[in-house]
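S.K.: I'm passing along upload-v1.cif; it holds mmCIF, C-alpha atoms.
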```
data_start
loop_
_atom_site.label_atom_id
_atom_site.label_comp_id
_atom_site.auth_asym_id
_atom_site.auth_seq_id
_atom_site.Cartn_x
_atom_site.Cartn_y
_atom_site.Cartn_z
CA MET A 183 44.53 -11.73 12.16
CA ILE A 184 42.80 -13.74 9.45
CA LEU A 185 39.48 -12.04 10.25
CA TRP A 186 41.10 -8.59 10.08
CA ASN A 187 42.71 -9.34 6.73
CA THR A 188 39.39 -10.63 5.46
CA PHE A 189 37.68 -7.43 6.64
CA VAL A 190 40.30 -5.28 4.86
CA LEU A 191 39.88 -7.26 1.64
CA ALA A 192 36.10 -6.90 1.89
CA LEU A 193 36.36 -3.11 2.29
CA ALA A 194 38.70 -2.90 -0.68
CA ALA A 195 36.26 -4.87 -2.82
CA ILE A 196 33.37 -2.63 -1.74
CA ARG A 197 35.37 0.54 -2.50
CA ARG A 198 36.20 -0.72 -6.01
CA ASN A 199 32.49 -0.69 -6.78
CA GLY A 200 31.41 2.19 -4.56
CA GLY A 201 28.35 3.26 -6.53
CA ARG A 202 27.01 -0.24 -6.87
CA SER A 203 27.66 -0.93 -3.20
CA LEU A 204 25.72 2.17 -2.14
CA LEU A 205 22.77 1.20 -4.30
CA THR A 206 22.88 -2.32 -2.88
CA ALA A 207 22.85 -1.02 0.69
CA LEU A 208 19.97 1.34 -0.15
CA GLY A 209 17.42 -1.44 0.19
CA VAL A 210 18.54 -2.11 3.77
CA VAL A 211 18.63 1.64 4.49
CA ILE A 212 15.01 2.04 3.40
CA GLY A 213 13.93 -1.08 5.27
CA VAL A 214 15.53 -0.14 8.60
CA ALA A 215 14.44 3.51 8.35
CA SER A 216 10.87 2.52 7.52
CA VAL A 217 10.57 0.07 10.41
CA ILE A 218 11.98 2.53 12.96
CA ALA A 219 9.93 5.47 11.69
CA MET A 220 6.65 3.52 11.54
CA VAL A 221 7.03 1.93 14.97
CA ASN A 222 8.13 5.17 16.64
CA LEU A 223 5.35 7.12 14.93
CA GLY A 224 2.81 4.55 16.12
CA ARG A 225 4.04 4.77 19.69
CA ALA A 226 4.01 8.57 19.54
CA ALA A 227 0.39 8.44 18.37
CA GLY A 228 -0.46 6.12 21.26
CA GLN A 229 1.13 8.46 23.78
CA GLN A 230 -0.67 11.43 22.24
CA VAL A 231 -4.04 9.71 22.56
CA THR A 232 -3.33 8.78 26.19
CA ALA A 233 -2.23 12.33 26.98
CA ASN A 234 -5.37 13.77 25.35
CA ILE A 235 -7.63 11.51 27.40
CA SER A 236 -5.71 12.20 30.61
CA ALA A 237 -6.02 15.94 29.96
CA MET A 238 -9.81 15.62 30.17
CA GLY A 239 -9.46 14.86 33.86
CA PRO A 240 -7.80 12.36 36.22
CA ASN A 241 -9.52 8.93 36.30
CA LEU A 242 -12.60 10.51 34.76
CA LEU A 243 -15.95 8.84 34.09
CA PHE A 244 -18.80 10.44 32.14
CA VAL A 245 -22.34 9.46 33.15
CA ARG A 246 -25.05 10.43 30.65
CA PRO A 247 -28.63 9.37 29.93
CA GLY A 248 -28.89 6.75 27.22
CA MET A 249 -31.79 5.53 25.10
CA THR A 250 -34.94 3.72 26.15
CA ALA A 251 -37.72 1.89 24.35
CA ALA A 252 -40.74 4.03 23.47
CA ALA A 253 -44.19 3.33 22.11
CA GLY A 254 -44.32 1.63 18.72
CA GLY A 255 -40.90 0.04 19.09
CA THR A 256 -39.05 3.32 18.63
CA ARG A 257 -36.27 4.52 20.88
CA ALA A 258 -36.18 7.82 22.71
CA GLU A 259 -33.73 9.58 24.99
CA ALA A 260 -34.01 8.35 28.57
CA ILE A 261 -34.94 10.65 31.42
CA PRO A 262 -32.05 12.87 32.52
CA PHE A 263 -30.50 12.83 35.97
CA ASP A 264 -31.61 15.03 38.84
CA PRO A 265 -29.91 16.43 41.99
CA ASP A 266 -31.02 13.37 43.98
CA ASP A 267 -29.00 11.11 41.65
CA LEU A 268 -26.00 13.32 42.21
CA GLN A 269 -26.36 13.15 45.97
CA ALA A 270 -26.86 9.38 45.88
CA ILE A 271 -23.56 8.92 44.04
CA ARG A 272 -21.75 11.11 46.53
CA SER A 273 -23.12 9.27 49.56
CA SER A 274 -23.11 5.69 48.23
CA ILE A 275 -19.84 5.34 46.32
CA ASP A 276 -16.55 5.71 48.16
CA GLY A 277 -13.43 7.38 46.78
CA VAL A 278 -15.00 9.65 44.17
CA ILE A 279 -15.34 13.33 43.41
CA VAL A 280 -18.62 14.21 41.67
CA ALA A 281 -19.63 17.25 39.65
CA PRO A 282 -22.91 17.92 37.80
CA GLY A 283 -23.13 19.34 34.31
CA ALA A 284 -25.96 21.23 32.59
CA SER A 285 -25.06 22.42 29.11
CA ALA A 286 -26.34 25.08 26.76
CA SER A 287 -25.16 26.99 23.74
CA ALA A 288 -25.53 30.75 23.66
CA THR A 289 -24.22 33.92 22.09
CA VAL A 290 -21.98 35.90 24.44
CA ALA A 291 -21.32 39.57 23.87
CA TYR A 292 -19.28 42.42 25.35
CA GLY A 293 -19.26 45.84 23.75
CA ASN A 294 -19.50 45.38 20.00
CA LEU A 295 -17.91 41.92 19.97
CA ASN A 296 -19.83 38.66 20.23
CA ALA A 297 -19.34 34.92 19.71
CA THR A 298 -21.28 31.67 20.12
CA THR A 299 -19.90 29.30 22.74
CA SER A 300 -20.87 26.45 25.06
CA ILE A 301 -22.09 27.18 28.58
CA THR A 302 -21.60 24.66 31.39
CA GLY A 303 -23.51 24.88 34.63
CA THR A 304 -21.74 23.08 37.46
CA THR A 305 -20.08 23.35 40.88
CA ASN A 306 -16.51 23.96 42.02
CA GLU A 307 -15.77 20.21 41.96
CA TYR A 308 -15.93 20.47 38.17
CA PHE A 309 -12.56 22.22 38.02
CA GLY A 310 -10.75 19.39 39.79
CA VAL A 311 -12.62 16.64 37.99
CA ARG A 312 -11.91 18.15 34.56
CA ASN A 313 -8.35 19.16 35.41
CA LEU A 314 -9.05 22.89 35.03
CA THR A 315 -7.24 25.69 36.86
CA ILE A 316 -8.15 29.32 37.42
CA ALA A 317 -5.52 31.58 35.88
CA ALA A 318 -7.07 34.80 37.19
CA GLY A 319 -9.92 35.57 39.56
CA ARG A 320 -11.63 32.97 41.75
CA GLU A 321 -14.01 30.02 41.92
CA PHE A 322 -17.68 30.26 42.85
CA GLU A 323 -18.64 31.14 46.42
CA ALA A 324 -21.07 28.94 48.36
CA ARG A 325 -23.83 31.57 48.29
CA GLU A 326 -23.44 32.00 44.51
CA LEU A 327 -23.88 28.26 44.00
CA GLU A 328 -26.84 28.13 46.39
CA ASN A 329 -28.64 31.11 44.88
CA GLY A 330 -27.73 30.48 41.24
CA ALA A 331 -26.03 33.87 41.00
CA PRO A 332 -25.28 35.14 37.46
CA VAL A 333 -21.49 34.91 37.69
CA CYS A 334 -19.20 33.21 35.21
CA ILE A 335 -15.66 32.00 34.56
CA LEU A 336 -14.40 32.28 30.99
CA GLY A 337 -12.16 30.10 28.85
CA PRO A 338 -9.23 31.85 27.10
CA THR A 339 -10.81 31.51 23.64
CA VAL A 340 -13.94 33.35 24.79
CA VAL A 341 -11.77 36.08 26.28
CA THR A 342 -9.92 36.47 22.98
CA ASN A 343 -13.07 36.43 20.82
CA VAL A 344 -15.19 38.75 22.96
CA TYR A 345 -12.76 40.96 24.87
CA GLY A 346 -9.77 41.19 22.56
CA SER A 347 -7.10 42.96 24.61
CA ALA A 348 -9.54 44.27 27.26
CA GLU A 349 -9.49 42.99 30.85
CA PRO A 350 -12.53 40.70 31.47
CA LEU A 351 -12.46 40.43 35.29
CA GLY A 352 -15.22 42.43 36.94
CA THR A 353 -17.03 43.20 33.68
CA THR A 354 -20.60 42.26 32.83
CA LEU A 355 -20.86 39.74 29.98
CA ARG A 356 -24.08 39.27 28.06
CA ILE A 357 -25.01 35.57 27.73
CA GLY A 358 -28.13 35.28 25.62
CA ALA A 359 -30.68 37.41 27.51
CA THR A 360 -28.77 37.15 30.79
CA SER A 361 -26.18 39.51 32.22
CA CYS A 362 -23.31 37.75 33.97
CA GLN A 363 -20.45 39.13 36.06
CA VAL A 364 -17.04 37.72 35.09
CA ILE A 365 -15.22 36.48 38.21
CA GLY A 366 -12.47 34.34 36.70
CA VAL A 367 -10.50 33.18 33.66
CA LEU A 368 -9.38 29.59 33.08
CA SER A 369 -5.83 28.56 32.19
CA PRO A 370 -5.39 27.48 28.56
CA LYS A 371 -5.82 23.78 27.77
CA GLY A 372 -5.77 23.84 23.98
CA SER A 373 -7.57 21.48 21.62
CA ASN A 374 -8.38 17.89 22.46
CA MET A 375 -9.89 15.36 20.07
CA GLY A 376 -10.52 18.20 17.62
CA GLN A 377 -12.43 20.30 20.19
CA ASP A 378 -11.28 23.63 21.57
CA GLN A 379 -11.40 23.14 25.35
CA ASP A 380 -10.84 26.86 25.90
CA ASP A 381 -14.04 27.89 24.09
CA THR A 382 -16.30 27.62 27.13
CA VAL A 383 -18.07 29.57 29.85
CA VAL A 384 -18.62 28.01 33.30
CA MET A 385 -21.49 29.17 35.53
CA PRO A 386 -23.19 27.91 38.71
CA LEU A 387 -25.47 24.95 37.98
CA ARG A 388 -28.62 26.67 39.19
CA ALA A 389 -27.89 29.78 37.15
CA VAL A 390 -27.77 27.78 33.92
CA GLN A 391 -30.85 25.75 34.86
CA ARG A 392 -32.94 28.82 35.69
CA ARG A 393 -31.71 31.34 33.12
CA LEU A 394 -30.66 29.27 30.08
CA THR A 395 -32.17 25.77 30.00
CA GLY A 396 -35.30 26.42 32.07
CA LYS A 397 -35.10 22.86 33.48
CA GLN A 398 -33.69 21.22 36.61
CA ASP A 399 -32.19 18.38 34.56
CA ILE A 400 -28.56 17.34 34.85
CA ALA A 401 -27.33 16.25 31.44
CA THR A 402 -23.97 14.87 32.55
CA ILE A 403 -22.48 13.71 35.82
CA TYR A 404 -18.68 13.86 35.97
CA VAL A 405 -17.13 11.33 38.35
CA SER A 406 -13.42 11.19 39.18
CA ALA A 407 -11.93 8.21 41.03
CA VAL A 408 -9.63 9.54 43.74
CA GLU A 409 -7.23 6.58 43.62
CA ASP A 410 -5.54 5.45 40.41
CA GLY A 411 -6.63 2.07 39.14
CA THR A 412 -10.06 2.18 40.80
CA SER A 413 -12.08 3.58 37.90
CA GLY A 414 -13.22 0.07 36.91
CA ARG A 415 -14.64 -0.56 40.38
CA VAL A 416 -16.27 2.89 40.41
CA ARG A 417 -17.88 2.21 37.03
CA ALA A 418 -19.36 -1.05 38.27
CA ASP A 419 -20.69 0.66 41.41
CA LEU A 420 -22.21 3.46 39.34
CA ILE A 421 -24.03 1.02 37.07
CA THR A 422 -25.42 -0.92 40.03
CA LEU A 423 -26.56 2.24 41.83
CA LEU A 424 -28.16 3.89 38.80
CA ARG A 425 -29.99 0.73 37.71
CA GLU A 426 -31.47 0.52 41.19
CA ARG A 427 -32.45 4.19 41.26
CA ARG A 428 -34.00 4.03 37.78
CA GLY A 429 -35.96 0.87 38.61
CA LEU A 430 -34.51 -1.30 35.86
CA ARG A 431 -35.25 -5.04 35.96
CA ASP A 432 -32.53 -7.64 35.44
CA ASP A 433 -33.71 -8.31 31.87
CA GLU A 434 -33.77 -4.61 30.95
CA ALA A 435 -30.82 -2.86 29.32
CA ASP A 436 -29.21 0.21 30.86
CA ASP A 437 -30.91 3.47 29.88
CA PHE A 438 -27.77 5.41 30.74
CA ASP A 439 -24.16 5.36 29.65
CA VAL A 440 -21.12 5.25 31.94
CA ARG A 441 -17.95 5.91 29.98
CA ASP A 442 -14.63 5.22 31.68
CA MET A 443 -11.84 7.29 30.14
CA ALA A 444 -9.19 4.88 31.49
CA GLU A 445 -10.93 2.00 29.72
CA LEU A 446 -11.19 4.06 26.55
CA ALA A 447 -7.49 4.93 26.79
CA ALA A 448 -6.59 1.24 27.20
CA THR A 449 -8.70 0.32 24.16
CA LEU A 450 -7.14 3.03 22.03
CA GLN A 451 -3.66 2.03 23.22
CA SER A 452 -4.34 -1.57 22.23
CA THR A 453 -5.61 -0.47 18.83
CA SER A 454 -2.59 1.77 18.38
CA ALA A 455 -0.22 -1.07 19.31
CA THR A 456 -1.91 -3.37 16.77
CA MET A 457 -1.65 -0.75 14.03
CA THR A 458 1.97 -0.08 14.96
CA ALA A 459 2.80 -3.77 14.69
CA LEU A 460 1.03 -3.94 11.32
CA LEU A 461 2.89 -0.91 9.99
CA GLY A 462 6.19 -2.32 11.27
CA ALA A 463 5.52 -5.66 9.58
CA ILE A 464 4.70 -3.95 6.28
CA ALA A 465 7.83 -1.82 6.50
CA ALA A 466 9.91 -4.91 7.34
CA VAL A 467 9.10 -6.31 3.89
CA SER A 468 11.50 -3.74 2.45
CA LEU A 469 14.25 -5.30 4.59
CA LEU A 470 13.57 -8.59 2.84
CA VAL A 471 13.80 -6.83 -0.51
CA GLY A 472 17.08 -5.24 0.59
CA GLY A 473 18.44 -8.66 1.55
CA ILE A 474 17.52 -10.09 -1.84
CA GLY A 475 19.31 -7.14 -3.44
CA ILE A 476 22.45 -7.93 -1.44
CA MET A 477 22.32 -11.59 -2.45
CA ASN A 478 21.82 -10.67 -6.09
CA ILE A 479 24.76 -8.26 -6.22
CA MET A 480 27.01 -10.69 -4.35
CA LEU A 481 26.21 -13.42 -6.87
CA VAL A 482 27.15 -10.99 -9.63
CA SER A 483 30.34 -10.16 -7.73
CA VAL A 484 31.25 -13.85 -7.47
CA THR A 485 30.80 -14.24 -11.22
CA GLU A 486 32.90 -11.14 -11.96
CA ARG A 487 35.69 -12.22 -9.61
CA THR A 488 35.81 -15.90 -10.53
CA ARG A 489 39.38 -15.65 -11.84
CA GLU A 490 40.48 -13.76 -8.70
CA ILE A 491 38.97 -16.50 -6.55
CA GLY A 492 40.75 -19.15 -8.62
CA VAL A 493 44.12 -17.42 -8.14
CA ARG A 494 43.63 -17.23 -4.37
CA LEU A 495 42.66 -20.87 -4.18
CA ALA A 496 45.60 -21.87 -6.35
CA ILE A 497 48.16 -20.14 -4.12
CA GLY A 498 46.83 -21.78 -0.97
CA ALA A 499 43.73 -19.94 0.24
CA ARG A 500 41.29 -22.28 1.91
CA ALA A 501 37.63 -22.53 0.95
CA ARG A 502 36.48 -21.23 4.33
CA GLU A 503 38.61 -18.09 3.88
CA ILE A 504 36.93 -17.39 0.54
CA LEU A 505 33.52 -18.01 2.11
CA LEU A 506 34.38 -15.70 4.99
CA GLN A 507 35.55 -12.93 2.68
CA PHE A 508 32.32 -12.79 0.68
CA LEU A 509 30.21 -13.22 3.79
CA VAL A 510 32.00 -10.29 5.44
CA GLU A 511 31.40 -8.16 2.33
CA ALA A 512 27.67 -8.88 2.53
CA VAL A 513 27.54 -8.17 6.26
CA VAL A 514 29.50 -4.90 5.90
CA LEU A 515 27.08 -3.71 3.23
CA SER A 516 24.10 -4.69 5.36
CA VAL A 517 25.45 -3.18 8.60
CA PHE A 518 26.36 0.05 6.79
CA GLY A 519 22.81 0.21 5.47
CA GLY A 520 21.52 -0.48 8.99
CA LEU A 521 23.51 2.40 10.50
CA VAL A 522 22.33 4.86 7.86
CA GLY A 523 18.78 3.51 8.18
CA VAL A 524 18.78 4.03 11.96
CA ALA A 525 19.88 7.65 11.52
CA LEU A 526 17.26 8.30 8.82
CA GLY A 527 14.55 6.52 10.80
CA ILE A 528 15.12 8.59 13.93
CA GLY A 529 15.45 11.80 11.92
CA GLY A 530 12.31 10.99 9.92
CA THR A 531 10.40 10.28 13.13
CA TRP A 532 11.41 13.64 14.57
CA ILE A 533 10.32 15.49 11.43
CA MET A 534 6.94 13.74 11.27
CA VAL A 535 6.02 14.13 14.95
CA THR A 536 7.10 17.78 14.85
CA GLN A 537 4.77 18.43 11.91
CA LEU A 538 1.92 16.48 13.51
CA GLY A 539 2.36 17.98 16.98
CA MET A 540 2.94 14.63 18.68
CA PRO A 541 5.54 13.70 21.32
CA PHE A 542 8.96 12.55 20.08
CA VAL A 543 9.32 8.90 21.04
CA VAL A 544 12.30 6.68 20.23
CA SER A 545 11.96 2.98 20.96
CA VAL A 546 15.51 1.95 21.87
CA GLU A 547 14.66 -1.74 21.71
CA MET A 548 13.24 -1.31 18.20
CA VAL A 549 16.35 0.58 17.06
CA VAL A 550 18.58 -2.19 18.41
CA ALA A 551 16.35 -4.89 16.90
CA ALA A 552 16.25 -3.21 13.48
CA PHE A 553 20.03 -2.84 13.45
CA ALA A 554 20.50 -6.46 14.55
CA VAL A 555 18.14 -7.65 11.82
CA SER A 556 20.10 -5.67 9.23
CA GLY A 557 23.23 -7.57 10.25
CA ALA A 558 21.33 -10.86 10.15
CA VAL A 559 20.10 -10.02 6.65
CA GLY A 560 23.73 -9.73 5.53
CA VAL A 561 24.56 -13.14 6.99
CA VAL A 562 21.46 -14.91 5.65
CA PHE A 563 21.45 -13.46 2.15
CA GLY A 564 25.23 -13.33 1.83
CA TYR A 565 25.77 -16.98 2.71
CA LEU A 566 24.60 -18.45 -0.62
CA PRO A 567 26.93 -16.30 -2.79
CA ALA A 568 29.78 -16.87 -0.32
CA ARG A 569 29.28 -20.62 -0.42
CA LYS A 570 29.18 -20.55 -4.22
CA ALA A 571 32.51 -18.70 -4.25
CA ALA A 572 34.07 -21.13 -1.75
CA ARG A 573 33.03 -24.17 -3.82
CA LEU A 574 34.56 -22.97 -7.09
CA ASP A 575 37.03 -25.38 -8.68
CA PRO A 576 40.42 -23.61 -8.81
CA ILE A 577 41.27 -24.94 -12.30
CA ALA A 578 37.91 -23.97 -13.75
CA ALA A 579 38.12 -20.59 -12.07
CA LEU A 580 41.56 -19.87 -13.53
CA ARG A 581 40.27 -20.69 -17.03
CA HIS A 582 37.29 -18.31 -16.59
CA GLU A 583 37.33 -15.25 -18.86
#
```
Could I get this file's structure written as structure tokens?
M.R.:
Amino acid sequence: MILWNTFVLALAAIRRNGGRSLLTALGVVIGVASVIAMVNLGRAAGQQVTANISAMGPNLLFVRPGMTAAAGGTRAEAIPFDPDDLQAIRSSIDGVIVAPGASASATVAYGNLNATTSITGTTNEYFGVRNLTIAAGREFEARELENGAPVCILGPTVVTNVYGSAEPLGTTLRIGATSCQVIGVLSPKGSNMGQDQDDTVVMPLRAVQRRLTGKQDIATIYVSAVEDGTSGRVRADLITLLRERRGLRDDEADDFDVRDMAELAATLQSTSATMTALLGAIAAVSLLVGGIGIMNIMLVSVTERTREIGVRLAIGARAREILLQFLVEAVVLSVFGGLVGVALGIGGTWIMVTQLGMPFVVSVEMVVAAFAVSGAVGVVFGYLPARKAARLDPIAALRHE
């Protein structure tokens, strides 16, 4: 009953100075909203990065030639891979799907429309490794891969740029000086890491090597670990195998690069978590400022209500009841600010991620923690003014003007 009466008195005191109370709570509102928005935005960014990397392909590893020492102390690009390297990976490393990649850039044209795009020469394993699906048409046939037939599968951006509203399947597309029959269209994947994944043409490996690059080199080997969590083991096996095949001594550095997308995702997630924690800590400073504002206004309130406090003490109110009343006022202000801050923080997060095209993520534990801290701020910063009020001398308080 005493606590309820104290709560009612605290609300009455807050209502008497409504404008000042709102301004006092504003510091807590900004602090809680900032912490929630920054942390949630950081987590959304982390999820977006992970999703972008996963979209490149499941458990994907990129194997590319690196740099090697050349005459005069300079560095030059190492020798590229060949079909024997590809076959060695397939036969020596368990639990992987392997696809070659030979790349070129060329102008593609149909009718009076043309565009410049990237051409990838590969095999059918490429579609699974890179998480690509055929929306219309078909994959390459075995004889087309064997003979290097001039057939191609187009990304949606190429279809839009070169065909407009025309149907591409079955038509003959001009790729540089080569004519290519369109046998399929890929499903849209959108942009990833600032690159349009749909702006591509896929052809049989031998077709690109013979007709576009003029070399038998394989610029990239795409390796996908079949089982989740095994990409680290696959990477180690790849390094061991390729060092052996390229005749590298123990004291020589790798002249190739094996990039594990799972490892990259973990690194980016760790970086994102660190930045999120930093942003949250910076935003939390405003909670401290809000708490100081509450303490300041409560000290002013004690001074303004000195005579009221003296009257209550004179008619029998105990010191702890006075302390409780002012402490409850501070906590009510802080909790009110916390509630409004939570609403603004979640709403602000939704607006920002919508504008940035990121997933909407709400950290429930952070919302609860921010709200709990707002209540703690009221207790911590309201205690000093409350104790000052409770320790007033009744006689001196009654004489106060």
S.K.: Output the residue selection produced by the PyMOL selection byres ((chain A and resi 443) around 7) on the file above, formatted as a PyMOL selection string.
M.R.: chain A and resi 235+241-243+441-442+444-447
S.K.: Each residue of segment 329-398 of chain A with at least one atom at most 12 Å from segment 265-274 of chain A should appear once, together with its nearest atom pair and the corresponding distance in Å (one decimal); atoms considered: all atoms listed in the file; ordering: chain, then increasing residue number; output as JSON lines.
M.R.:
```
{"residue": "A:Leu387", "atom": "CA", "partner": "A:Pro265", "partner_atom": "CA", "distance": 10.4}
{"residue": "A:Arg388", "atom": "CA", "partner": "A:Pro265", "partner_atom": "CA", "distance": 10.7}
{"residue": "A:Gln391", "atom": "CA", "partner": "A:Pro265", "partner_atom": "CA", "distance": 11.8}
{"residue": "A:Lys397", "atom": "CA", "partner": "A:Pro265", "partner_atom": "CA", "distance": 11.9}
{"residue": "A:Gln398", "atom": "CA", "partner": "A:Pro265", "partner_atom": "CA", "distance": 8.1}
```
S.K.: Could you state the separation of atom CA of Trp532 of chain A and atom CA of Ala219 of chain A in Å, given to one decimal place?
M.R.: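 So the two atoms, atom CA of Trp532 of chain A and atom CA of Ala219 of chain A, lie 8.8 Å apart.
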S.K.: Once the PyMOL selection byres ((chain A and resi 300) around 12) has been evaluated on this model, what residues remain selected, and can you format them as a VMD selection string?
M.R.: chain A and resid 283 to 290 297 to 299 301 to 303 336 to 337 339 to 340 357 to 358 377 to 385 390 394
S.K.: Pick out the closest residue to Val210 of chain A from this set: A:Phe438, A:Phe542, A:Tyr308, A:Phe518. Count only C-alpha atoms.
M.R.: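 Between A:Phe438, A:Phe542, A:Tyr308, A:Phe518, the residue approaching Val210 of chain A most closely is A:Phe518.
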S.K.: Of the residues A:Leu314, A:Ala455, A:Ala260, A:Ile365, which is the one nearest to Gly248 of chain A, using only C-alpha atoms?
M.R.: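 Among the listed residues, A:Ala260 lies closest to Gly248 of chain A.
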S.K.: Rounded to one decimal, what separation in Å do you get between atom CA of Phe244 of chain A and atom CA of Gly411 of chain A?
M.R.: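 Computing it gives 16.3 Å between the two atoms.
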S.K.: Between atom CA of Val550 of chain A and atom CA of Gln451 of chain A, what is the spacing in Å?
M.R.: 23.1 Å
S.K.: Using all atoms listed in the file, find the one residue out of A:Val333, A:Pro370, A:Ser483, A:Ile316 that sits nearest to Gly352 of chain A.
M.R.: A:Val333
S.K.: How would segment 393-405 of chain A look with N, CA and C atoms restored, written as a PDB file, keeping the file's coordinate frame?
M.R.:
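Once everything was written out, this is part20.pdb:
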```
ATOM      1  N   ARG A 393     -31.791  30.245  34.080  1.00  0.00           N
ATOM      2  CA  ARG A 393     -31.710  31.340  33.120  1.00  0.00           C
ATOM      3  C   ARG A 393     -31.511  30.906  31.669  1.00  0.00           C
ATOM      4  N   LEU A 394     -30.964  29.691  31.456  1.00  0.00           N
ATOM      5  CA  LEU A 394     -30.660  29.270  30.080  1.00  0.00           C
ATOM      6  C   LEU A 394     -31.446  28.049  29.634  1.00  0.00           C
ATOM      7  N   THR A 395     -31.464  26.989  30.425  1.00  0.00           N
ATOM      8  CA  THR A 395     -32.170  25.770  30.000  1.00  0.00           C
ATOM      9  C   THR A 395     -33.624  25.752  30.441  1.00  0.00           C
ATOM     10  N   GLY A 396     -33.935  26.415  31.561  1.00  0.00           N
ATOM     11  CA  GLY A 396     -35.300  26.420  32.070  1.00  0.00           C
ATOM     12  C   GLY A 396     -35.736  25.084  32.651  1.00  0.00           C
ATOM     13  N   LYS A 397     -34.784  24.185  32.922  1.00  0.00           N
ATOM     14  CA  LYS A 397     -35.100  22.860  33.480  1.00  0.00           C
ATOM     15  C   LYS A 397     -34.124  22.545  34.612  1.00  0.00           C
ATOM     16  N   GLN A 398     -34.538  21.640  35.503  1.00  0.00           N
ATOM     17  CA  GLN A 398     -33.690  21.220  36.610  1.00  0.00           C
ATOM     18  C   GLN A 398     -32.863  19.980  36.254  1.00  0.00           C
ATOM     19  N   ASP A 399     -32.892  19.600  34.999  1.00  0.00           N
ATOM     20  CA  ASP A 399     -32.190  18.380  34.560  1.00  0.00           C
ATOM     21  C   ASP A 399     -30.682  18.544  34.666  1.00  0.00           C
ATOM     22  N   ILE A 400     -30.026  17.415  34.905  1.00  0.00           N
ATOM     23  CA  ILE A 400     -28.560  17.340  34.850  1.00  0.00           C
ATOM     24  C   ILE A 400     -28.197  16.435  33.681  1.00  0.00           C
ATOM     25  N   ALA A 401     -27.610  17.009  32.660  1.00  0.00           N
ATOM     26  CA  ALA A 401     -27.330  16.250  31.440  1.00  0.00           C
ATOM     27  C   ALA A 401     -26.162  15.297  31.599  1.00  0.00           C
ATOM     28  N   THR A 402     -25.176  15.693  32.384  1.00  0.00           N
ATOM     29  CA  THR A 402     -23.970  14.870  32.550  1.00  0.00           C
ATOM     30  C   THR A 402     -23.534  14.907  34.010  1.00  0.00           C
ATOM     31  N   ILE A 403     -23.097  13.767  34.500  1.00  0.00           N
ATOM     32  CA  ILE A 403     -22.480  13.710  35.820  1.00  0.00           C
ATOM     33  C   ILE A 403     -21.017  13.296  35.610  1.00  0.00           C
ATOM     34  N   TYR A 404     -20.111  14.140  36.086  1.00  0.00           N
ATOM     35  CA  TYR A 404     -18.680  13.860  35.970  1.00  0.00           C
ATOM     36  C   TYR A 404     -18.209  13.221  37.278  1.00  0.00           C
ATOM     37  N   VAL A 405     -17.591  12.049  37.170  1.00  0.00           N
ATOM     38  CA  VAL A 405     -17.130  11.330  38.350  1.00  0.00           C
ATOM     39  C   VAL A 405     -15.640  11.056  38.189  1.00  0.00           C
TER      40      VAL A 405
END
```
